[in-house]
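Notes for the one structure printed next.
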Amino acid sequence: MGQIYITASATSGKTGVCASRMWGNPALPEGFGYPVYTDNEGDDYPYFFICQINLAELAPYDRENRLPHAGLLSFFAKIDWYMGYDAPADCISGYISGIEDVKVLYFPDCANFREIVLVDDEGQPTSPDELALSFSLAKPGKYCDEHILFAEPDHREWETWDHPYEDWEILLQIDSFSGKDFNLNFMDCGVMDFLISPENLRRADFSEVRAIVLST
């Protein structure tokens, strides 16, 4: 399978509302609420926004046509703990998560979107500054961050995923890395993989994506 490498870079200004980016504020359609989950006590908490991928920007690199070539694909997950924040719920671990631990949203077009800004009790944004995303079919460098679409399971210490996920693929891999206003560390500089079944990938159905953290 052809891996697509992702580079996250600081930008001098804001990216477009539906541009590919990591951190910052997610773009959501007018009237679409920020995705939340409910803890064991019935309280709602927002998922942490990781990144959004403009599929038209990605299309030239998706030579196997594994994803739609238009619209927006956005990734959210319970990674507060790995970002150094207090975690309101159990974080994703070295076991394949439930579907409630991640939220992957696919929007077929980018019309009538607006950014959603989450703030803390003092009115400050809760997300790190946005990073622009670019794509490549060649590995950017020997020591680059391993942010990869359709990554090979190189960090897995066993032959397959646990039953019944044996044939599931890595939709997106996010590496541990840091910037001027954040430090993302997955269990001793590991990675987090978003997993999807081949059938759901073919149907562009992202409602059952799960995740796992693999330590180096």
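So you can find residues: chains in the structure tokens are A, B, ... in the order shown, residues in each start at 1, and ligands are numbered from 1 in order.
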Closest pair table for range 34-112 of chain A residues within 12 Å of range 160-170 of chain A, only C-alpha atoms, as CSV:
```
residue,atom,partner,partner_atom,distance
A:Arg66,CA,A:Glu169,CA,11.7
A:Gly94,CA,A:Trp161,CA,11.1
A:Tyr95,CA,A:Asp162,CA,8.6
A:Ile96,CA,A:Asp162,CA,7.9
A:Ser97,CA,A:Tyr165,CA,11.2
A:Gly98,CA,A:Tyr165,CA,11.9
```
Write out as a VMD selection string each polymer residue whose atoms come within 8 Å of range 59-61 of chain A, counting only C-alpha atoms; drop sequence neighbours fewer than 4 positions from it. chain A and resid 4 55 65 68 to 70 135 to 137
As a check of understanding: the span from CA of Phe113 in chain A to CA of Ser74 in chain A is 12.8 Å
Determine, counting only C-alpha atoms, which protein, DNA and RNA residues have an atom within 9 Å of an atom of range 201-215 of chain A; residues of the same chain fewer than 2 positions away are not included. Present the result as a PDB file with C-alpha atoms, in the first residue's frame.
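Written output follows (part36.pdb):
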```pdb
ATOM      1  CA  ARG A  66      -8.402   5.046  -1.390  1.00  0.00           C
ATOM      2  CA  LEU A  67     -10.139   8.180  -0.135  1.00  0.00           C
ATOM      3  CA  PRO A  68     -12.696  10.517  -1.723  1.00  0.00           C
ATOM      4  CA  ALA A  77      -9.609  11.720  19.921  1.00  0.00           C
ATOM      5  CA  ILE A  92      -6.364   5.575  24.459  1.00  0.00           C
ATOM      6  CA  SER A  93      -3.857   2.874  25.379  1.00  0.00           C
ATOM      7  CA  GLY A  94      -1.950  -0.070  23.953  1.00  0.00           C
ATOM      8  CA  TYR A  95      -5.202  -1.942  23.336  1.00  0.00           C
ATOM      9  CA  ILE A  96      -7.521  -1.230  20.428  1.00  0.00           C
ATOM     10  CA  SER A  97      -9.973   1.388  21.638  1.00  0.00           C
ATOM     11  CA  GLY A  98     -13.730   1.531  21.507  1.00  0.00           C
ATOM     12  CA  ILE A  99     -15.443   3.681  18.907  1.00  0.00           C
ATOM     13  CA  GLU A 100     -16.277   6.239  21.611  1.00  0.00           C
ATOM     14  CA  ASP A 101     -12.582   7.092  22.078  1.00  0.00           C
ATOM     15  CA  VAL A 102     -12.134   8.667  18.666  1.00  0.00           C
ATOM     16  CA  LYS A 103     -14.260  10.644  16.268  1.00  0.00           C
ATOM     17  CA  VAL A 104     -13.469  10.835  12.566  1.00  0.00           C
ATOM     18  CA  LEU A 105     -15.792  13.046  10.548  1.00  0.00           C
ATOM     19  CA  TYR A 106     -16.102  13.077   6.772  1.00  0.00           C
ATOM     20  CA  HIS A 155       5.626  -0.071  15.463  1.00  0.00           C
ATOM     21  CA  ARG A 156       3.581  -3.186  16.160  1.00  0.00           C
ATOM     22  CA  GLU A 157       5.442  -5.930  18.023  1.00  0.00           C
ATOM     23  CA  GLU A 169      -5.584  -0.920   8.224  1.00  0.00           C
ATOM     24  CA  ILE A 170      -3.898   2.170   9.589  1.00  0.00           C
ATOM     25  CA  LEU A 171      -5.888   5.084   8.235  1.00  0.00           C
ATOM     26  CA  PHE A 186       2.480   8.787  23.231  1.00  0.00           C
ATOM     27  CA  MET A 187       4.011   6.509  25.871  1.00  0.00           C
ATOM     28  CA  ASP A 188       7.755   7.105  25.554  1.00  0.00           C
ATOM     29  CA  CYS A 189       7.695   8.774  22.130  1.00  0.00           C
ATOM     30  CA  GLY A 190       5.417   6.244  20.467  1.00  0.00           C
ATOM     31  CA  VAL A 191       2.702   6.664  17.855  1.00  0.00           C
ATOM     32  CA  MET A 192      -1.085   6.586  17.751  1.00  0.00           C
ATOM     33  CA  ASP A 193      -2.759   4.731  14.892  1.00  0.00           C
ATOM     34  CA  PHE A 194      -6.327   5.277  13.713  1.00  0.00           C
ATOM     35  CA  LEU A 195      -7.580   1.895  12.446  1.00  0.00           C
ATOM     36  CA  ILE A 196     -10.316   1.215   9.902  1.00  0.00           C
ATOM     37  CA  SER A 197     -11.728  -1.933   8.344  1.00  0.00           C
ATOM     38  CA  PRO A 198     -11.071  -2.399   4.599  1.00  0.00           C
ATOM     39  CA  GLU A 199     -14.811  -2.559   3.908  1.00  0.00           C
TER      40      GLU A 199
END
```
Open item on the list: Based on the backbone DSSP call, show me all residues of range 12-198 of chain A assigned strand (DSSP E), as a ChimeraX atom specification.
Closed with: /A:21-22,27-29,36-38,44-46,48-54,72-77,102-107,113-115,131-136,147-149,169-175,177-179,182-184,191-196
